[in-house]
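Structure file query.txt with compact mmCIF, C-alpha atoms:
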```
# COMPACT_ATOMS: atom_id res chain seq x y z
CA MET A 1 127.80 119.95 120.04
CA VAL A 2 124.68 117.84 119.40
CA VAL A 3 122.75 120.74 117.91
CA GLY A 4 125.73 121.55 115.68
CA VAL A 5 125.76 117.98 114.33
CA LEU A 6 121.99 118.11 113.75
CA VAL A 7 122.20 121.45 111.92
CA VAL A 8 124.99 120.14 109.67
CA LEU A 9 122.99 116.96 109.07
CA ALA A 10 119.88 118.97 108.18
CA ILE A 11 121.83 121.18 105.77
CA GLY A 12 123.35 118.05 104.24
CA LEU A 13 119.90 116.55 103.76
CA ILE A 14 118.62 119.76 102.15
CA THR A 15 121.60 119.82 99.78
CA VAL A 16 121.22 116.19 98.77
CA SER A 17 117.43 116.61 98.38
CA PHE A 18 118.00 119.46 95.97
CA ARG A 19 120.77 117.84 93.95
CA GLU A 20 119.60 114.24 93.82
CA ASP A 21 117.61 112.96 90.84
CA ARG A 22 114.28 111.19 91.25
CA SER A 23 115.77 107.71 91.50
CA GLY A 24 118.44 108.54 94.09
CA PRO A 25 118.71 106.66 97.40
CA LEU A 26 117.44 109.56 99.52
CA VAL A 27 114.36 109.99 97.34
CA ARG A 28 113.73 106.24 97.49
CA ALA A 29 114.11 106.29 101.28
CA GLN A 30 111.69 109.23 101.49
CA ASP A 31 109.18 107.39 99.30
CA ALA A 32 109.46 104.32 101.51
CA GLY A 33 109.03 106.50 104.61
CA ALA A 34 105.98 108.17 103.10
CA GLY A 35 104.52 104.73 102.43
CA VAL A 36 105.04 103.73 106.06
CA LEU A 37 103.51 106.97 107.35
CA ARG A 38 100.51 106.89 104.99
CA PRO A 39 98.27 104.60 107.15
CA PHE A 40 98.92 106.77 110.19
CA LEU A 41 98.01 109.94 108.26
CA VAL A 42 94.82 108.32 106.98
CA ALA A 43 93.93 107.21 110.53
CA ALA A 44 94.57 110.69 111.97
CA GLU A 45 92.53 112.26 109.19
CA ARG A 46 89.63 109.84 109.94
CA ILE A 47 89.80 110.64 113.66
CA ALA A 48 89.62 114.38 112.99
CA GLU A 49 86.97 114.13 110.27
CA PRO A 50 83.84 114.21 112.50
CA PHE A 51 85.15 117.29 114.34
CA GLU A 52 85.98 119.09 111.10
CA ASP A 53 82.59 118.18 109.64
CA GLY A 54 80.90 119.50 112.77
CA TYR A 55 82.79 122.77 112.55
CA ARG A 56 81.91 123.19 108.87
CA TRP A 57 78.26 122.34 109.58
CA ALA A 58 78.10 125.00 112.30
CA GLU A 59 79.83 127.50 110.04
CA SER A 60 77.46 126.78 107.16
CA LEU A 61 74.40 127.46 109.36
CA PHE A 62 75.25 131.15 109.41
CA GLU A 63 75.41 131.35 105.63
CA ALA A 64 72.61 128.90 104.76
CA ARG A 65 69.79 131.40 104.15
CA SER A 66 71.73 133.82 101.94
CA ASP A 67 73.31 130.87 100.10
CA ALA A 68 69.89 129.34 99.38
CA GLU A 69 68.55 132.57 97.85
CA ARG A 70 71.67 133.10 95.77
CA LEU A 71 71.72 129.49 94.57
CA ALA A 72 68.03 129.56 93.60
CA ALA A 73 68.61 132.60 91.38
CA GLU A 74 71.78 131.02 89.98
CA ASN A 75 69.92 127.78 89.27
CA VAL A 76 67.36 129.53 87.07
CA ALA A 77 70.07 131.25 85.05
CA LEU A 78 72.13 128.06 84.76
CA ARG A 79 69.14 126.03 83.55
CA GLN A 80 68.69 128.43 80.64
CA ARG A 81 72.39 128.36 79.85
CA LEU A 82 72.46 124.55 80.02
CA ALA A 83 69.80 124.26 77.33
CA GLN A 84 71.75 126.65 75.09
CA ALA A 85 75.02 124.83 75.83
CA GLN A 86 73.53 121.41 74.97
CA LEU A 87 72.38 122.74 71.61
CA ALA A 88 75.81 124.27 71.01
CA VAL A 89 77.62 121.03 71.93
CA ARG A 90 75.48 119.00 69.54
CA GLU A 91 76.09 121.50 66.74
CA ASN A 92 79.79 121.60 67.58
CA ASP A 93 80.11 117.79 67.43
CA ARG A 94 78.32 117.68 64.06
CA LEU A 95 80.55 120.41 62.58
CA ARG A 96 83.73 118.77 63.93
CA SER A 97 82.80 115.47 62.33
CA LEU A 98 82.08 117.24 59.03
CA LEU A 99 85.45 118.99 59.11
CA ARG A 100 87.37 115.96 60.50
CA PHE A 101 88.66 118.45 63.07
CA ARG A 102 91.52 117.34 65.34
CA ASP A 103 92.49 119.07 68.58
CA GLY A 104 94.38 118.49 71.83
CA ALA A 105 93.43 116.39 74.82
CA ARG A 106 90.12 117.24 76.48
CA PHE A 107 88.45 116.35 79.73
CA PRO A 108 86.50 114.10 80.28
CA ARG A 109 86.91 112.50 76.85
CA ASP A 110 90.64 111.75 77.06
CA TYR A 111 91.08 111.34 80.82
CA GLU A 112 90.08 109.00 83.62
CA GLY A 113 89.71 110.27 87.17
CA VAL A 114 91.46 108.68 90.13
CA ALA A 115 89.65 109.73 93.31
CA ALA A 116 91.88 110.41 96.29
CA ALA A 117 91.50 111.57 99.87
CA VAL A 118 93.61 114.48 101.08
CA ILE A 119 95.76 113.04 103.87
CA GLY A 120 98.15 115.87 104.62
CA ARG A 121 99.50 119.33 104.09
CA PRO A 122 102.93 120.82 104.60
CA ALA A 123 103.09 122.91 107.77
CA GLY A 124 103.04 126.69 107.67
CA ALA A 125 102.31 129.26 105.03
CA PHE A 126 105.32 128.68 102.81
CA SER A 127 104.05 126.20 100.29
CA GLN A 128 100.54 125.71 99.02
CA ALA A 129 100.38 121.95 98.59
CA ILE A 130 98.48 118.87 99.70
CA VAL A 131 99.36 115.21 100.05
CA ILE A 132 96.88 112.74 98.55
CA ALA A 133 96.39 109.02 99.17
CA VAL A 134 97.15 107.76 95.66
CA GLY A 135 100.51 107.32 93.98
CA SER A 136 102.41 105.61 91.20
CA LYS A 137 100.85 102.23 92.07
CA ASP A 138 97.44 103.74 91.22
CA GLY A 139 98.61 105.00 87.84
CA VAL A 140 99.36 108.57 88.97
CA ARG A 141 102.42 110.26 87.49
CA ARG A 142 104.18 113.58 87.94
CA ASN A 143 102.46 116.49 86.14
CA ASP A 144 98.98 114.94 86.20
CA PRO A 145 96.31 117.65 86.66
CA VAL A 146 94.18 117.52 89.81
CA VAL A 147 90.59 118.78 90.09
CA THR A 148 87.67 118.84 92.48
CA GLN A 149 84.00 118.91 91.50
CA ASP A 150 84.36 122.72 91.38
CA GLY A 151 87.36 123.02 89.11
CA LEU A 152 91.13 122.82 88.72
CA ILE A 153 93.20 122.91 91.90
CA GLY A 154 96.74 122.03 90.83
CA LEU A 155 99.29 119.58 89.51
CA VAL A 156 101.00 116.46 90.86
CA THR A 157 104.60 117.46 91.52
CA ARG A 158 105.94 114.47 93.43
CA VAL A 159 104.83 110.84 93.46
CA SER A 160 105.65 107.95 95.75
CA GLY A 161 104.15 104.46 95.69
CA ARG A 162 100.92 105.18 97.55
CA SER A 163 100.91 108.95 97.99
CA ALA A 164 101.56 112.06 95.94
CA ARG A 165 102.19 115.72 96.52
CA VAL A 166 99.96 118.17 94.67
CA THR A 167 101.14 121.76 94.29
CA LEU A 168 98.07 123.98 94.36
CA LEU A 169 97.28 126.74 91.89
CA THR A 170 97.64 129.21 94.75
CA ASP A 171 101.31 128.30 95.20
CA GLU A 172 103.74 130.92 94.02
CA GLN A 173 105.42 128.47 91.68
CA SER A 174 102.23 127.40 89.90
CA ALA A 175 101.00 128.79 86.59
CA VAL A 176 98.52 127.57 83.98
CA SER A 177 97.45 128.92 80.61
CA GLY A 178 93.90 130.22 80.93
CA VAL A 179 91.32 131.51 78.52
CA ASP A 180 88.20 133.63 78.95
CA VAL A 181 85.36 131.38 77.72
CA ARG A 182 83.25 134.30 76.42
CA THR A 183 85.88 136.36 74.60
CA ASN A 184 88.72 133.87 74.09
CA ALA A 185 91.19 136.28 75.74
CA ASN A 186 94.31 134.31 76.69
CA GLY A 187 96.57 134.70 79.68
CA ILE A 188 98.46 132.90 82.42
CA VAL A 189 96.66 132.12 85.66
CA ARG A 190 98.87 132.34 88.72
CA HIS A 191 98.64 133.16 92.41
CA GLY A 192 97.33 136.56 93.42
CA ARG A 193 99.58 138.88 95.37
CA ALA A 194 96.71 140.39 97.33
CA SER A 195 95.59 137.26 99.15
CA ARG A 196 96.30 133.57 99.34
CA THR A 197 92.99 132.48 97.84
CA THR A 198 92.70 134.71 94.78
CA LEU A 199 94.33 134.21 91.40
CA VAL A 200 95.27 136.60 88.61
CA LEU A 201 94.93 136.16 84.88
CA ASP A 202 98.24 137.64 83.85
CA ARG A 203 99.59 138.60 80.41
CA VAL A 204 96.22 139.53 78.96
CA ALA A 205 96.80 142.00 76.12
CA LYS A 206 95.19 145.42 76.57
CA GLU A 207 93.19 145.08 73.38
CA ASP A 208 91.59 141.82 74.59
CA VAL A 209 88.16 142.03 76.16
CA VAL A 210 87.62 140.59 79.64
CA ARG A 211 84.59 141.44 81.79
CA VAL A 212 83.70 140.88 85.43
CA GLY A 213 81.71 137.64 85.71
CA ASP A 214 83.46 135.90 82.79
CA THR A 215 84.51 132.29 83.33
CA VAL A 216 88.17 131.36 82.96
CA VAL A 217 89.10 127.80 81.95
CA THR A 218 92.36 126.07 81.07
CA ALA A 219 93.57 126.89 77.55
CA GLY A 220 95.07 123.44 76.90
CA TRP A 221 97.22 124.48 73.96
CA GLU A 222 99.19 122.06 71.84
CA SER A 223 102.04 122.64 69.41
CA PRO A 224 103.99 120.11 67.32
CA ARG A 225 106.71 119.86 69.98
CA LEU A 226 105.06 120.86 73.22
CA ALA A 227 101.66 120.52 74.84
CA SER A 228 100.09 122.05 77.91
CA LEU A 229 100.07 119.83 80.98
CA TYR A 230 96.37 120.62 81.42
CA PRO A 231 93.54 119.57 79.10
CA ARG A 232 91.43 122.31 77.58
CA GLY A 233 88.29 123.43 79.36
CA LEU A 234 88.92 122.70 83.05
CA PRO A 235 87.07 125.41 85.00
CA ILE A 236 89.40 127.67 87.00
CA GLY A 237 87.35 130.60 88.27
CA LEU A 238 85.30 133.74 87.73
CA VAL A 239 86.70 137.15 86.85
CA THR A 240 86.03 139.48 89.79
CA SER A 241 87.92 142.59 88.73
CA VAL A 242 89.48 144.01 85.57
CA GLY A 243 91.91 146.91 85.69
CA GLN A 244 94.01 148.66 83.12
CA ALA A 245 96.65 151.33 83.75
CA ASP A 246 98.36 153.36 81.04
CA THR A 247 101.79 152.37 82.32
CA ASP A 248 101.06 148.62 82.44
CA LEU A 249 101.72 146.35 79.50
CA TYR A 250 98.84 144.04 80.30
CA LYS A 251 95.38 144.09 81.86
CA GLN A 252 95.11 143.37 85.59
CA VAL A 253 92.52 140.62 85.91
CA LEU A 254 91.61 139.10 89.28
CA VAL A 255 90.06 135.63 89.28
CA GLU A 256 88.13 134.06 92.15
CA PRO A 257 88.78 130.29 91.92
CA PHE A 258 85.78 127.94 91.81
CA ALA A 259 87.53 125.47 94.10
CA ASP A 260 87.74 126.20 97.80
CA PHE A 261 91.42 125.67 98.52
CA ARG A 262 90.91 125.90 102.28
CA SER A 263 88.65 122.88 102.60
CA LEU A 264 89.96 120.21 100.29
CA ASP A 265 88.93 116.74 101.47
CA ALA A 266 88.87 114.71 98.28
CA VAL A 267 90.23 115.33 94.80
CA LEU A 268 90.31 113.71 91.39
CA VAL A 269 93.62 113.10 89.61
CA LEU A 270 93.19 113.17 85.83
CA VAL A 271 95.10 110.29 84.26
CA PRO A 272 95.29 110.16 80.45
CA ARG A 273 93.19 107.25 79.10
CA GLU A 274 96.08 106.10 76.92
CA ARG A 275 98.10 105.42 80.10
CA GLY A 276 95.18 103.88 81.98
CA VAL A 277 94.27 103.65 85.65
CA ARG A 278 95.57 100.65 87.62
CA MET B 1 112.35 104.31 128.21
CA ILE B 2 112.18 108.08 128.12
CA ALA B 3 113.46 108.03 124.54
CA VAL B 4 110.57 105.78 123.54
CA ARG B 5 108.05 108.04 125.26
CA VAL B 6 109.49 111.15 123.63
CA GLY B 7 109.50 109.31 120.29
CA VAL B 8 105.84 108.38 120.62
CA VAL B 9 104.86 111.95 121.55
CA VAL B 10 106.75 113.41 118.60
CA PHE B 11 105.42 110.80 116.18
CA VAL B 12 101.80 111.44 117.19
CA ALA B 13 102.29 115.22 117.06
CA SER B 14 103.92 115.01 113.60
CA VAL B 15 101.16 112.81 112.19
CA PHE B 16 98.39 115.04 113.55
CA GLN B 17 100.21 118.17 112.38
CA VAL B 18 100.41 116.90 108.80
CA ALA B 19 97.00 115.22 108.62
CA VAL B 20 94.89 117.64 110.64
CA PHE B 21 96.36 120.90 111.94
CA SER B 22 98.12 122.06 108.77
CA GLY B 23 94.75 122.16 107.02
CA TRP B 24 93.28 124.60 109.53
CA GLU B 25 93.48 128.31 108.94
CA LEU B 26 92.15 130.25 111.92
CA LEU B 27 92.34 134.02 112.40
CA GLY B 28 94.75 134.14 109.46
CA GLY B 29 97.23 131.79 111.13
CA PHE B 30 98.15 128.11 111.02
CA PRO B 31 98.37 126.17 114.31
CA ASP B 32 101.53 124.09 114.72
CA VAL B 33 101.06 121.39 117.33
CA LEU B 34 104.45 119.86 116.49
CA LEU B 35 106.26 123.10 117.31
CA VAL B 36 104.41 123.37 120.64
CA THR B 37 105.28 119.73 121.39
CA VAL B 38 108.97 120.23 120.54
CA VAL B 39 109.19 123.34 122.73
CA SER B 40 107.36 121.57 125.58
CA VAL B 41 109.64 118.51 125.40
CA ALA B 42 112.69 120.79 125.26
CA LEU B 43 111.57 122.70 128.34
CA LEU B 44 110.88 119.48 130.21
CA ARG B 45 113.90 117.41 129.14
CA GLY B 46 116.58 119.93 128.18
CA ALA B 47 118.27 121.40 125.11
CA VAL B 48 119.80 118.21 123.70
CA VAL B 49 116.59 116.21 123.87
CA GLY B 50 114.75 119.26 122.47
CA ALA B 51 117.08 119.53 119.49
CA VAL B 52 116.89 115.80 118.71
CA THR B 53 113.10 115.87 119.10
CA GLY B 54 112.82 118.84 116.74
CA PHE B 55 115.08 117.19 114.18
CA ALA B 56 113.13 113.92 114.27
CA GLY B 57 109.74 115.65 114.13
CA GLY B 58 110.85 117.79 111.19
CA LEU B 59 112.15 114.72 109.37
CA LEU B 60 108.80 112.98 109.82
CA VAL B 61 106.91 116.01 108.49
CA ASP B 62 109.18 116.38 105.46
CA THR B 63 108.92 112.66 104.72
CA ALA B 64 105.14 112.52 105.06
CA THR B 65 104.57 115.60 102.88
CA LEU B 66 107.19 114.56 100.29
CA GLY B 67 108.84 117.92 100.84
CA THR B 68 112.50 118.96 100.88
CA LEU B 69 114.15 116.68 103.45
CA GLY B 70 115.94 118.49 106.25
CA LEU B 71 114.17 121.82 105.91
CA THR B 72 111.68 121.46 108.77
CA SER B 73 114.28 119.48 110.72
CA LEU B 74 116.69 122.40 110.59
CA LEU B 75 114.12 124.87 111.91
CA LEU B 76 112.72 122.61 114.63
CA ALA B 77 116.14 121.36 115.81
CA VAL B 78 117.25 124.96 116.41
CA ALA B 79 113.86 125.75 117.98
CA GLY B 80 114.19 122.76 120.35
CA HIS B 81 117.72 123.71 121.32
CA LEU B 82 116.88 127.37 121.99
CA SER B 83 113.82 126.54 124.08
CA GLY B 84 115.75 123.88 125.98
CA ARG B 85 118.49 126.36 126.81
CA TYR B 86 115.90 128.90 127.93
CA GLY B 87 114.25 126.28 130.16
CA GLU B 88 117.60 125.24 131.67
CA THR B 89 118.71 128.79 132.47
CA SER B 90 116.55 131.86 133.02
CA GLY B 91 113.24 130.08 132.57
CA ARG B 92 113.71 127.43 135.25
CA ASP B 93 110.72 126.78 137.56
CA ARG B 94 108.57 129.60 136.23
CA SER B 95 104.99 128.87 135.25
CA PHE B 96 104.78 131.34 132.36
CA VAL B 97 107.86 129.92 130.63
CA PRO B 98 106.05 127.57 128.18
CA TYR B 99 103.81 130.38 126.95
CA VAL B 100 106.68 132.84 126.46
CA ALA B 101 108.90 130.19 124.87
CA VAL B 102 106.23 128.99 122.42
CA GLY B 103 105.24 132.55 121.46
CA VAL B 104 108.82 133.71 120.82
CA ILE B 105 109.95 130.48 119.15
CA ALA B 106 106.87 130.44 116.88
CA VAL B 107 107.71 133.94 115.64
CA LEU B 108 111.39 133.00 115.17
CA VAL B 109 110.48 129.81 113.28
CA GLY B 110 108.02 131.75 111.10
CA VAL B 111 110.56 134.39 110.12
CA GLY B 112 113.40 131.85 109.99
CA GLY B 113 111.34 129.60 107.75
CA TYR B 114 110.74 132.46 105.37
CA LEU B 115 114.48 133.24 105.26
CA VAL B 116 115.42 129.59 104.66
CA HIS B 117 112.91 129.30 101.80
CA PHE B 118 114.19 132.59 100.40
CA LEU B 119 117.81 131.39 100.57
CA LEU B 120 116.84 128.14 98.85
CA GLY B 121 115.39 130.11 95.97
CA ASP B 122 111.72 129.30 96.58
CA ALA B 123 109.30 131.87 95.20
CA VAL B 124 107.81 132.94 98.53
CA SER B 125 106.67 136.53 98.82
CA ALA B 126 107.03 138.23 102.20
CA ARG B 127 103.62 139.81 101.73
CA LEU B 128 101.98 136.37 101.91
CA ALA B 129 104.40 134.47 104.14
CA LEU B 130 104.99 136.93 106.99
CA PRO B 131 101.49 138.19 107.97
CA PRO B 132 100.40 134.72 109.27
CA VAL B 133 103.40 134.61 111.63
CA LEU B 134 101.81 136.53 114.53
CA PRO B 135 98.35 134.88 114.35
CA SER B 136 100.07 131.49 114.11
CA ALA B 137 102.14 132.30 117.22
CA LEU B 138 98.94 133.29 119.04
CA LEU B 139 97.27 129.99 118.10
CA ASP B 140 100.36 128.10 119.24
CA VAL B 141 100.29 129.89 122.60
CA LEU B 142 96.62 128.91 122.98
CA MET B 143 97.62 125.26 122.57
CA VAL B 144 100.36 125.40 125.21
CA TRP B 145 98.19 124.57 128.24
CA PRO B 146 96.89 121.17 127.07
CA VAL B 147 99.97 120.16 125.06
CA TYR B 148 102.49 121.07 127.77
CA ARG B 149 100.50 119.23 130.44
CA LEU B 150 100.17 116.19 128.19
CA CYS B 151 103.89 116.19 127.43
CA ARG B 152 104.75 116.55 131.12
CA ALA B 153 102.48 113.62 131.95
CA VAL B 154 104.08 111.41 129.30
CA VAL B 155 107.77 112.34 129.31
CA GLY B 156 108.14 113.79 132.82
CA THR B 157 110.82 116.31 133.71
CA ALA B 158 114.57 115.91 133.76
CA ALA B 159 114.78 117.86 137.02
CA ALA B 160 112.37 115.50 138.80
CA GLU B 161 114.52 112.47 137.97
CA ALA B 162 117.83 114.04 138.96
CA PRO B 163 117.30 116.39 141.91
CA PRO B 164 120.29 118.64 142.67
CA ARG B 165 122.62 117.19 145.30
CA GLU B 166 124.34 120.47 146.03
CA VAL B 167 123.07 123.96 146.47
CA GLU B 168 125.26 126.93 145.73
CA LEU B 169 124.39 130.08 147.58
CA VAL B 170 125.24 133.23 145.71
CA VAL B 171 125.56 136.16 148.06
```

I'd like the structure from this file rewritten - as structure tokens, please.
Amino acid sequence: MVVGVLVVLAIGLITVSFREDRSGPLVRAQDAGAGVLRPFLVAAERIAEPFEDGYRWAESLFEARSDAERLAAENVALRQRLAQAQLAVRENDRLRSLLRFRDGARFPRDYEGVAAAVIGRPAGAFSQAIVIAVGSKDGVRRNDPVVTQDGLIGLVTRVSGRSARVTLLTDEQSAVSGVDVRTNANGIVRHGRASRTTLVLDRVAKEDVVRVGDTVVTAGWESPRLASLYPRGLPIGLVTSVGQADTDLYKQVLVEPFADFRSLDAVLVLVPRERGVR
Amino acid sequence: MIAVRVGVVVFVASVFQVAVFSGWELLGGFPDVLLVTVVSVALLRGAVVGAVTGFAGGLLVDTATLGTLGLTSLLLAVAGHLSGRYGETSGRDRSFVPYVAVGVIAVLVGVGGYLVHFLLGDAVSARLALPPVLPSALLDVLMVWPVYRLCRAVVGTAAAEAPPREVELVV
């Protein structure tokens, strides 16, 4: 009897959750509940932090030597590319000012970052999302992009007063327009079917050129009526594999994300400057 | 008094599940301390308390993660009821019961969760959602010893409070 009532109640809650708009009483009650639970989540996260840090430190010891060699080589290459990039940026700025060129929103020029701790995750393997400790009272709104120091990780999909839910790029419902920085090949970045941590650059035309090692960033397109939710140029990942079958309509491009989705501690929510951070 | 104790146990388990355990991926699985707690409480206090505990714990998780309300509650309420029934009937007074119950219920909740998400129209592929089910169940079984003992220390057992007054001999 009791379990029957609870099952009916749960199904009722699911139904109302799906049908209700964002200002409905159930959503407001959930937002209030999330606000009450937030301090407890932050406290639990703080309690567990030293243990998690210790585990990561021990794990990193095994990879430290190979990482150091790889990073030293990468550093030399990046230093050379930085000098070239700085020259290119200066030239680009000068040419844009000569042409009075206008384009869409860019990061960091048009955005301010709101730093937030990750205070929770939904249980299980069904949804790739995190809960962060900033919300509408901090200026965060639905559809704000979220990044780490490594690159794009997702989009704010639900906001309460002091917390927000971020759906990660690795979620099956996420997709973002991406572009190959070197060749300008366009596609849609979405979750990879092979594993939970890889992405694919889908819808890349066969005649476009994409090579292993190319960097993929957000395309950030803008049309008179619509604009991408993401600014142009947010790093997404590196191309790790490019395949092309005669029967396929598009190239098969695998992308290894820059961000480590398994160890997200702190993130940056990008809030448009015109809206402003509170 | 017991309700308060059960409430505290479930609240702490829900908070730690959302803030800590959900972020861990070990051996390809995700540990679920709330599920282990719900099953333990159900085995100790019976099916009704188990179902209510599961419902409340699920509601806390869905609220804290700003997810679809009722979804986790549905799964954990059924999980609590099933484990409670198992504890009240064939699993009574057997030491291996918590391990068997958690292992089986974790698999059922994993597969059931996938089906519920599928029915709700979520884009969840079986190739990604189902492989973690067995490793997750293994991790949950590994947590049984400390969690079950802790739950028993805090909420006690229903049988200890109401010892049977009659004994029926079945010949």

* Select all residues from chain A having any atom no more than 8 Å from an atom of chain B (counting only C-alpha atoms, ignoring ligands), output as a PyMOL selection string. => chain A and resi 2-3+6-7+9-14+17-18+30-31+33-34+37-38+40-42+44-45+48+119-127+130-131+158+164-165+172-173+193+195-196+262-263

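We find CA of Leu264 in chain A and CA of Val118 in chain A to be spaced 6.8 Å apart.
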
* To do: Write out as JSON, numbers by chain the residues lying within 7 Å of range 266-273 of chain A, counting all atoms listed in the file and excluding same-chain residues fewer than 5 positions away.
  => {"A": [110, 111, 112, 113, 114, 115, 116, 117, 118, 140, 144, 145, 146, 147, 148]}

* Asked: Using all atoms listed in the file, can you list as a list of chain:residue names the residues within 7 Å of (95.3, 128.1, 77.2)?
  -> A:Ser177, A:Gly178, A:Val179, A:Asn186, A:Thr218, A:Ala219, A:Gly220, A:Trp221, A:Arg232

* Polymer residues at most 12 Å from Gln244 in chain A, only C-alpha atoms, same-chain spacing of 3 or more positions, as number ranges by chain -> A: 202-211, 241, 247-254
